[in-house]
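S.K.: Sending over upload37.cif (mmCIF, C-alpha atoms and all ligand atoms).
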```cif
data_final
loop_
_atom_site.label_atom_id
_atom_site.label_comp_id
_atom_site.auth_asym_id
_atom_site.auth_seq_id
_atom_site.Cartn_x
_atom_site.Cartn_y
_atom_site.Cartn_z
CA MET A 2 88.03 77.45 192.69
CA LYS A 3 89.98 77.87 195.91
CA LEU A 4 88.76 76.08 199.03
CA ILE A 5 89.03 78.36 202.07
CA ASP A 6 90.15 75.91 204.71
CA GLY A 7 89.02 77.31 208.07
CA LYS A 8 90.15 74.22 209.91
CA LYS A 9 93.72 74.67 208.70
CA ILE A 10 93.86 78.41 209.45
CA ALA A 11 92.27 77.86 212.88
CA ARG A 12 94.92 75.21 213.62
CA GLU A 13 97.67 77.66 212.60
CA ILE A 14 96.24 80.36 214.86
CA GLN A 15 95.93 77.93 217.78
CA GLN A 16 99.54 76.90 217.20
CA GLU A 17 100.63 80.56 217.24
CA ILE A 18 98.81 81.08 220.54
CA ALA A 19 100.23 77.86 222.02
CA GLU A 20 103.76 79.00 221.15
CA LYS A 21 103.20 82.22 223.10
CA VAL A 22 101.44 80.57 226.05
CA VAL A 23 104.22 78.03 226.51
CA GLN A 24 106.64 80.89 227.11
CA ILE A 25 104.60 82.22 230.03
CA HIS A 26 106.12 81.04 233.27
CA LYS A 27 103.73 82.68 235.67
CA ARG A 28 99.95 82.26 235.66
CA LYS A 29 98.59 80.99 232.31
CA PRO A 30 95.60 82.66 230.64
CA GLY A 31 92.26 81.50 232.07
CA LEU A 32 88.85 81.21 230.42
CA ALA A 33 85.66 80.42 232.37
CA PHE A 34 82.66 78.81 230.69
CA ILE A 35 79.19 79.12 232.15
CA LEU A 36 76.73 76.45 231.13
CA VAL A 37 73.12 76.55 232.28
CA GLY A 38 70.89 73.49 231.92
CA ASN A 39 71.66 70.35 229.96
CA HIS A 40 71.10 71.34 226.36
CA PRO A 41 73.10 68.65 224.45
CA ALA A 42 74.28 71.00 221.66
CA SER A 43 75.51 73.53 224.24
CA GLN A 44 77.38 70.80 226.09
CA THR A 45 79.04 69.74 222.82
CA TYR A 46 80.04 73.33 221.96
CA VAL A 47 81.54 73.93 225.40
CA ARG A 48 83.45 70.63 225.26
CA ALA A 49 84.90 71.57 221.85
CA LYS A 50 85.94 75.00 223.14
CA GLN A 51 87.52 73.50 226.27
CA LYS A 52 89.44 71.03 224.13
CA ALA A 53 90.72 73.91 222.01
CA CYS A 54 91.80 75.76 225.17
CA ALA A 55 93.73 72.70 226.34
CA SER A 56 95.53 72.48 222.97
CA THR A 57 96.93 76.00 223.47
CA GLY A 58 97.72 75.85 227.19
CA ILE A 59 94.85 78.20 228.12
CA VAL A 60 93.36 77.02 231.41
CA SER A 61 89.61 76.60 231.13
CA THR A 62 87.12 76.12 233.92
CA LEU A 63 83.50 75.12 233.61
CA ARG A 64 80.77 76.38 235.92
CA SER A 65 77.61 74.35 235.31
CA PHE A 66 74.26 75.32 236.78
CA PRO A 67 70.82 73.72 236.68
CA SER A 68 68.25 75.37 234.40
CA SER A 69 66.34 76.33 237.57
CA ILE A 70 69.05 78.82 238.61
CA LYS A 71 67.62 82.29 239.19
CA GLN A 72 68.82 85.22 237.13
CA ASN A 73 70.23 87.09 240.13
CA GLU A 74 72.12 83.97 241.27
CA LEU A 75 73.69 83.64 237.84
CA ILE A 76 74.64 87.32 237.84
CA GLU A 77 76.24 86.85 241.26
CA GLN A 78 78.37 84.01 239.81
CA ILE A 79 79.43 86.27 236.96
CA HIS A 80 80.42 89.00 239.41
CA LEU A 81 82.63 86.48 241.23
CA LEU A 82 84.35 85.63 237.95
CA ASN A 83 84.66 89.36 237.11
CA GLN A 84 86.70 89.73 240.30
CA ASP A 85 88.72 86.54 239.91
CA GLU A 86 92.26 87.50 238.89
CA THR A 87 92.95 84.06 237.42
CA ILE A 88 90.15 84.51 234.88
CA ASP A 89 90.80 86.56 231.71
CA GLY A 90 87.67 85.65 229.80
CA ILE A 91 84.08 84.69 230.62
CA LEU A 92 81.85 82.94 228.13
CA VAL A 93 78.19 82.27 228.83
CA GLN A 94 77.02 79.54 226.48
CA LEU A 95 73.74 80.45 224.80
CA PRO A 96 70.84 79.79 224.71
CA LEU A 97 69.78 80.47 228.29
CA PRO A 98 66.51 79.26 229.87
CA LEU A 99 63.57 81.54 229.06
CA HIS A 100 63.31 83.01 232.57
CA ILE A 101 66.84 84.45 232.28
CA HIS A 102 67.27 87.58 230.18
CA GLU A 103 70.25 87.36 227.87
CA TRP A 104 70.75 91.13 228.03
CA ALA A 105 71.01 91.07 231.84
CA ILE A 106 73.60 88.31 231.70
CA MET A 107 75.67 89.74 228.85
CA THR A 108 75.85 93.14 230.51
CA ALA A 109 76.85 91.59 233.84
CA ILE A 110 80.12 90.36 232.31
CA ALA A 111 82.92 92.91 232.76
CA PRO A 112 83.64 94.30 229.26
CA GLU A 113 87.35 93.61 229.91
CA LYS A 114 86.56 89.89 230.20
CA ASP A 115 83.90 89.72 227.48
CA VAL A 116 85.89 87.52 225.10
CA ASP A 117 82.73 86.72 223.09
CA GLY A 118 82.57 90.43 222.23
CA PHE A 119 78.80 90.65 222.82
CA HIS A 120 78.81 93.29 225.57
CA PRO A 121 77.32 96.59 224.35
CA ILE A 122 80.56 98.39 225.27
CA ASN A 123 82.53 96.11 222.96
CA MET A 124 79.85 96.26 220.24
CA GLY A 125 79.90 100.06 220.51
CA LYS A 126 83.68 100.18 220.26
CA LEU A 127 83.50 97.99 217.15
CA LEU A 128 80.99 100.33 215.52
CA LEU A 129 83.12 103.37 216.36
CA GLY A 130 86.32 101.75 215.10
CA ASP A 131 87.92 101.81 218.58
CA GLU A 132 90.32 98.87 218.59
CA SER A 133 90.56 98.55 222.37
CA GLY A 134 87.45 96.34 222.59
CA PHE A 135 86.98 92.65 221.88
CA LEU A 136 85.75 91.73 218.42
CA PRO A 137 82.94 89.15 218.25
CA CYS A 138 84.42 85.79 217.33
CA THR A 139 82.49 84.71 214.23
CA PRO A 140 82.78 88.04 212.36
CA ASN A 141 86.45 88.32 213.34
CA GLY A 142 87.01 84.74 212.20
CA ILE A 143 85.51 85.59 208.80
CA LYS A 144 87.67 88.69 208.38
CA THR A 145 90.77 86.74 209.41
CA LEU A 146 89.98 83.98 206.90
CA LEU A 147 89.68 86.53 204.08
CA HIS A 148 93.00 88.11 205.07
CA ARG A 149 94.89 84.86 205.44
CA TYR A 150 93.71 83.87 201.94
CA HIS A 151 94.76 87.31 200.60
CA ILE A 152 91.24 88.05 199.43
CA PRO A 153 90.95 91.83 199.08
CA ILE A 154 88.12 93.48 201.00
CA SER A 155 88.90 97.17 200.42
CA GLY A 156 86.61 98.68 197.82
CA LYS A 157 84.74 95.40 197.26
CA LYS A 158 80.99 94.88 197.33
CA VAL A 159 80.21 92.63 200.29
CA VAL A 160 76.68 91.29 200.66
CA ILE A 161 75.77 89.74 204.02
CA VAL A 162 72.51 87.77 204.15
CA GLY A 163 71.42 87.83 207.79
CA ARG A 164 71.33 90.68 210.33
CA SER A 165 71.70 88.92 213.68
CA ASN A 166 73.46 90.60 216.58
CA ILE A 167 76.14 87.91 216.66
CA VAL A 168 76.97 87.66 212.94
CA GLY A 169 75.40 89.99 210.37
CA LYS A 170 75.33 93.31 212.23
CA PRO A 171 78.83 93.20 213.79
CA LEU A 172 80.32 91.81 210.57
CA ALA A 173 78.85 94.69 208.57
CA ALA A 174 80.23 97.18 211.13
CA MET A 175 83.65 95.54 210.95
CA LEU A 176 84.01 95.33 207.17
CA MET A 177 82.80 98.88 206.52
CA GLN A 178 85.38 100.51 208.83
CA LYS A 179 87.57 103.20 207.32
CA LYS A 180 90.71 101.09 207.59
CA ASP A 181 93.02 99.69 204.93
CA ASP A 182 92.06 96.10 205.78
CA CYS A 183 88.30 96.87 205.63
CA ASN A 184 86.81 99.66 203.47
CA ALA A 185 84.15 97.37 201.97
CA THR A 186 80.88 98.57 200.50
CA VAL A 187 78.53 96.50 202.62
CA THR A 188 74.91 95.55 201.96
CA VAL A 189 72.99 93.65 204.64
CA ALA A 190 69.96 91.65 203.46
CA HIS A 191 67.35 89.90 205.61
CA SER A 192 63.98 88.19 205.44
CA LYS A 193 62.20 91.39 204.43
CA SER A 194 64.63 92.28 201.64
CA GLU A 195 62.98 92.56 198.25
CA TYR A 196 64.76 91.38 195.09
CA LEU A 197 67.26 89.34 197.12
CA THR A 198 68.69 87.62 194.04
CA GLU A 199 69.49 90.98 192.41
CA ILE A 200 71.26 92.01 195.61
CA THR A 201 73.28 88.83 196.05
CA ARG A 202 74.29 88.78 192.37
CA GLU A 203 76.03 92.12 192.90
CA ALA A 204 78.38 90.67 195.52
CA ASP A 205 82.13 90.31 195.10
CA ILE A 206 82.03 88.60 198.50
CA LEU A 207 78.79 86.93 199.59
CA ILE A 208 78.40 85.97 203.25
CA ALA A 209 75.46 83.74 204.16
CA ALA A 210 74.28 83.75 207.80
CA VAL A 211 70.67 82.69 207.43
CA GLY A 212 70.32 79.34 209.19
CA SER A 213 68.55 77.68 206.27
CA PRO A 214 70.11 74.70 204.46
CA HIS A 215 71.27 75.40 200.87
CA PHE A 216 69.43 78.74 200.91
CA ILE A 217 71.91 80.35 198.49
CA ASN A 218 71.80 78.62 195.12
CA GLU A 219 73.70 79.05 191.87
CA THR A 220 71.17 81.50 190.38
CA MET A 221 71.92 83.96 193.21
CA VAL A 222 75.62 84.50 192.54
CA ARG A 223 77.78 85.72 189.73
CA LYS A 224 80.88 84.00 188.37
CA GLY A 225 84.03 84.59 190.42
CA VAL A 226 82.24 85.42 193.66
CA VAL A 227 83.92 84.66 197.01
CA ILE A 228 81.54 82.72 199.26
CA ILE A 229 81.64 82.60 203.05
CA ASP A 230 79.09 80.18 204.46
CA VAL A 231 78.36 80.80 208.13
CA GLY A 232 75.34 78.51 208.37
CA ILE A 233 75.37 75.32 210.40
CA ASN A 234 72.27 73.25 209.69
CA ARG A 235 71.66 69.66 210.68
CA LEU A 236 69.54 67.68 208.21
CA THR A 237 67.19 64.90 209.31
CA ASP A 238 69.86 62.32 208.43
CA GLN A 239 72.19 64.26 210.83
CA THR A 240 74.41 65.59 208.01
CA LEU A 241 75.78 69.09 208.67
CA VAL A 242 75.28 71.53 205.82
CA GLY A 243 75.69 75.26 205.36
CA ASP A 244 73.38 77.94 204.00
CA VAL A 245 75.01 77.63 200.57
CA ASP A 246 74.50 74.89 198.01
CA PHE A 247 78.20 74.05 197.92
CA GLN A 248 78.07 71.50 195.08
CA LYS A 249 76.30 73.86 192.69
CA ILE A 250 78.15 77.05 193.64
CA ALA A 251 81.72 75.80 194.06
CA PRO A 252 82.28 75.55 190.27
CA ILE A 253 81.21 79.20 189.80
CA ALA A 254 82.96 80.70 192.84
CA SER A 255 86.57 81.87 192.91
CA ALA A 256 86.82 80.83 196.57
CA ILE A 257 84.43 79.19 199.03
CA THR A 258 84.33 77.94 202.63
CA PRO A 259 83.09 74.40 203.29
CA VAL A 260 80.67 73.38 206.06
CA PRO A 261 81.92 71.89 208.29
CA GLY A 262 85.53 73.09 208.35
CA GLY A 263 85.04 76.71 207.30
CA VAL A 264 83.85 79.45 209.64
CA GLY A 265 83.10 77.18 212.64
CA PRO A 266 86.70 76.40 213.66
CA MET A 267 87.63 80.07 213.17
CA THR A 268 85.03 81.13 215.73
CA ILE A 269 86.78 79.00 218.35
CA ALA A 270 90.23 80.21 217.30
CA MET A 271 89.11 83.84 217.73
CA LEU A 272 87.76 83.04 221.22
CA LEU A 273 91.22 81.78 222.19
CA LYS A 274 92.83 84.82 220.58
CA ASN A 275 90.56 87.18 222.54
CA THR A 276 91.40 85.33 225.77
CA PHE A 277 95.09 85.68 225.06
CA ILE A 278 94.66 89.39 224.24
CA SER A 279 92.74 89.82 227.49
CA TYR A 280 95.60 88.17 229.38
CA THR A 281 98.27 90.36 227.83
CA THR A 282 96.37 93.60 227.72
CA SER A 283 97.20 96.32 230.15
CA ILE A 284 93.52 97.14 230.79
CA PRO A 285 93.05 96.67 234.55
CA LYS A 286 90.90 93.66 235.19
CA ALA A 287 89.24 93.80 238.52
CA PRO A 288 86.04 95.72 238.14
CA LYS A 289 83.88 95.48 241.21
CA LYS A 290 80.57 95.36 239.39
CA THR A 291 79.63 96.22 235.84
CA GLU A 292 77.95 99.54 235.79
CA LEU A 293 75.52 98.90 232.96
P1 LIG B 301 69.56 84.23 213.23
O1 LIG B 301 69.72 85.07 214.44
O2 LIG B 301 68.45 83.25 213.14
O3 LIG B 301 69.46 85.22 211.97
C1 LIG B 301 69.15 84.74 210.70
C2 LIG B 301 69.09 85.90 209.75
O4 LIG B 301 68.72 85.38 208.47
C3 LIG B 301 68.04 86.94 210.15
O5 LIG B 301 68.56 88.25 209.96
C4 LIG B 301 66.91 86.68 209.15
O6 LIG B 301 66.17 87.83 208.77
C5 LIG B 301 67.68 86.18 207.95
N1 LIG B 301 66.79 85.39 207.10
C6 LIG B 301 65.98 84.36 207.46
N2 LIG B 301 65.27 83.93 206.40
C7 LIG B 301 65.63 84.71 205.35
C8 LIG B 301 65.23 84.78 204.00
N3 LIG B 301 64.30 83.97 203.51
N4 LIG B 301 65.80 85.71 203.22
C9 LIG B 301 66.73 86.55 203.70
N5 LIG B 301 67.16 86.54 204.98
C10 LIG B 301 66.61 85.64 205.80
O7 LIG B 301 70.87 83.41 212.91
P2 LIG B 301 72.43 83.60 213.33
O8 LIG B 301 72.56 83.40 214.78
O9 LIG B 301 73.00 84.80 212.68
O10 LIG B 301 73.01 82.32 212.61
C11 LIG B 301 72.89 82.11 211.23
C12 LIG B 301 73.47 80.76 210.88
O11 LIG B 301 74.85 80.78 211.19
C13 LIG B 301 72.89 79.59 211.69
O12 LIG B 301 72.90 78.44 210.87
C14 LIG B 301 73.87 79.42 212.82
O13 LIG B 301 73.89 78.09 213.32
C15 LIG B 301 75.15 79.75 212.12
N6 LIG B 301 76.21 80.25 212.99
C16 LIG B 301 77.42 79.70 212.83
C17 LIG B 301 78.48 80.15 213.58
C18 LIG B 301 79.82 79.56 213.36
O14 LIG B 301 80.67 79.67 214.20
N7 LIG B 301 80.05 78.94 212.21
C19 LIG B 301 78.29 81.16 214.52
C20 LIG B 301 77.04 81.74 214.66
C21 LIG B 301 75.99 81.28 213.87
P3 LIG B 301 65.27 88.67 209.85
O15 LIG B 301 66.26 89.46 210.65
O16 LIG B 301 64.41 89.52 209.00
O17 LIG B 301 64.54 87.66 210.67
#
```
Any chance you could give the structure as structure tokens?

M.R.:
Amino acid sequence: MKLIDGKKIAREIQQEIAEKVVQIHKRKPGLAFILVGNHPASQTYVRAKQKACASTGIVSTLRSFPSSIKQNELIEQIHLLNQDETIDGILVQLPLPLHIHEWAIMTAIAPEKDVDGFHPINMGKLLLGDESGFLPCTPNGIKTLLHRYHIPISGKKVVIVGRSNIVGKPLAAMLMQKKDDCNATVTVAHSKSEYLTEITREADILIAAVGSPHFINETMVRKGVVIIDVGINRLTDQTLVGDVDFQKIAPIASAITPVPGGVGPMTIAMLLKNTFISYTTSIPKAPKKTEL
């Protein structure tokens, strides 16, 4: 069994970005984080992402707002960042307070600065196979991990358990593209899927994005399967575990990601990569207001 070390690959990618950023002698790439409220997990995620920015030379700025901020005030702040020529990427840390509509916020970000890849323009480009958009970070991190470990995707049966807008759906769209590095036969399962075990046992590559600890057990996979565990679940004793029962499945799998240290670090590495792409891209970056 091969351990797919996301931490190591993420470090390599960050190093590659740092080597390019150090050669820039004018303005360095800039990434703005927007944090609303004082959700401890969100604060931790933003801190980790800012630390990763610092390690590559990307300049990050944090705009924090109280949870009482009104939706239109937040949108106004995003418009200011859309027009700021020192900012290449804007990331709004989710979740947002209930009175703020995620859709309104995500569509306020200029697609050219949407380094999370959640804007409908970027999602649409992904679906259509147009490579000029930003790819969402977690799915892109998963694809990159498979490539860097030389795990073939083309022609393989990929089963994704989970159909969220941030993982399952974009990942399915990405891996099914008619491209040499994709070409997978993708099945997406969810909570209403019948005969889930029969479906998952068909997989050459099984990707779990459920949000339920140890949901995938050894009866649900066949020998030699490649396992990508996206889940991040905190148990009552504070241990972090994935959606896959690692101990039971690792001996059967041909390759598997651990949790932590698998997909998580890759998500951050892809955010930095998108920011760097945004910096270098020739797409003009000063939209007045997003038109959506
Ligand atoms: P989500 O929006 O809650 O979606 C969970 C998906 O799992 C849904 O499609 C749901 O089906 C499906 N599901 C739930 N119970 C099921 C069952 N019994 N059988 C089959 N499918 C079932 O979650 P998410 O945002 O995609 O995140 C999933 C996990 O990945 C979480 O643990 C999250 O923390 C983690 N995550 C990690 C990263 C990273 O960087 N490593 C990034 C994002 C998310 P329905 O659609 O029918 O409800």

S.K.: Can you tell me which residues sit at most 9 Å away from ligand LIG 301 (chain B), counting only C-alpha atoms and all ligand atoms, written as an MDAnalysis selection string?

M.R.: chainID A and resid 138:140 142 162:170 189:195 197 209:214 216 230:235 242:244 260:269

S.K.: Pick out the closest residue to Ile152 in chain A from this set: A:Gln178, A:Ser43, A:Cys183, A:Pro121. Count only C-alpha atoms.

M.R.: A:Cys183

S.K.: Any idea what the distance is between CA of Glu17 in chain A and CA of Val227 in chain A?

M.R.: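 Distance between the two atoms: 26.6 Å.
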
S.K.: Taking only C-alpha atoms into account, which of A:Gln51, A:Thr240, A:Ser155, A:Thr281 comes nearest Ala185 in chain A?

M.R.: A:Ser155

S.K.: Could you make a table, as a Markdown table, of the residues of range 187-290 of chain A that have an atom within 12 Å of an atom of range 130-136 of chain A, each with its nearest atom pair and distance in Å to one decimal, counting only C-alpha atoms, in chain and number order?

M.R.:
```
| residue | atom | partner | partner_atom | distance |
| --- | --- | --- | --- | --- |
| A:Thr268 | CA | A:Leu136 | CA | 11.0 |
| A:Met271 | CA | A:Leu136 | CA | 8.6 |
| A:Leu272 | CA | A:Leu136 | CA | 9.3 |
| A:Leu273 | CA | A:Phe135 | CA | 11.7 |
| A:Lys274 | CA | A:Phe135 | CA | 9.9 |
| A:Asn275 | CA | A:Phe135 | CA | 6.6 |
| A:Thr276 | CA | A:Phe135 | CA | 9.4 |
| A:Phe277 | CA | A:Phe135 | CA | 11.2 |
| A:Ile278 | CA | A:Phe135 | CA | 8.7 |
| A:Ser279 | CA | A:Phe135 | CA | 8.5 |
| A:Thr282 | CA | A:Ser133 | CA | 9.3 |
| A:Ser283 | CA | A:Ser133 | CA | 10.5 |
| A:Ile284 | CA | A:Ser133 | CA | 9.0 |
```

S.K.: Which residue gives the smallest distance to Thr145 in chain A among A:Thr198, A:Ile25, A:Leu176, A:Ala109, with all atoms listed in the file counted?

M.R.: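 So, comparing all the options, the nearest one is A:Leu176.
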
S.K.: List the neighbours of Val22 in chain A out to 9 Å using all atoms listed in the file; skip same-chain residues closer than 3 positions along the sequence, and give me the result as a PyMOL selection string.

M.R.: chain A and resi 17-19+25-26+29-30+57-59+277

S.K.: Go ahead and compute the interatomic distance for CA of Gln78 in chain A and CA of Ala42 in chain A, in Å to one decimal.

M.R.: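 Result for CA of Gln78 in chain A versus CA of Ala42 in chain A: 22.7 Å, one decimal.
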
S.K.: Between CA of Val226 in chain A and CA of Thr201 in chain A, what is the distance in Å, rounded to a tenth?

M.R.: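 Interatomic distance here is 9.9 Å.
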
S.K.: If we count only C-alpha atoms and set the cut-off at 12 Å, which residues sit around His151 in chain A, ignoring sequence neighbours fewer than 4 positions away in its own chain? Please answer as a list of chain:residue names.

M.R.: A:Lys3, A:Ile5, A:Lys144, A:Thr145, A:Leu146, A:Leu147, A:Ser155, A:Asp182, A:Val227, A:Ala256

S.K.: With only C-alpha atoms as the atoms that count, which of A:Ala111, A:Ile10, A:Leu32, A:Leu75 lies nearest to Thr62 in chain A?

M.R.: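 Result for the nearest residue to Thr62 in chain A: A:Leu32.
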
S.K.: Within 6 Å of Phe34 in chain A, counting all atoms listed in the file, which residues qualify if same-chain residues fewer than 2 places away don't, as a list in words?

M.R.: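 Final neighbour list, sorted by chain and number: Leu63, Leu92 and Val93 of chain A.
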
S.K.: Counting all atoms listed in the file, select every polymer residue within 7 Å of (82.4, 80.3, 187.9) as defined in the file's coordinates, and provide the selection as a ChimeraX atom specification.

M.R.: /A:224-225,252-255
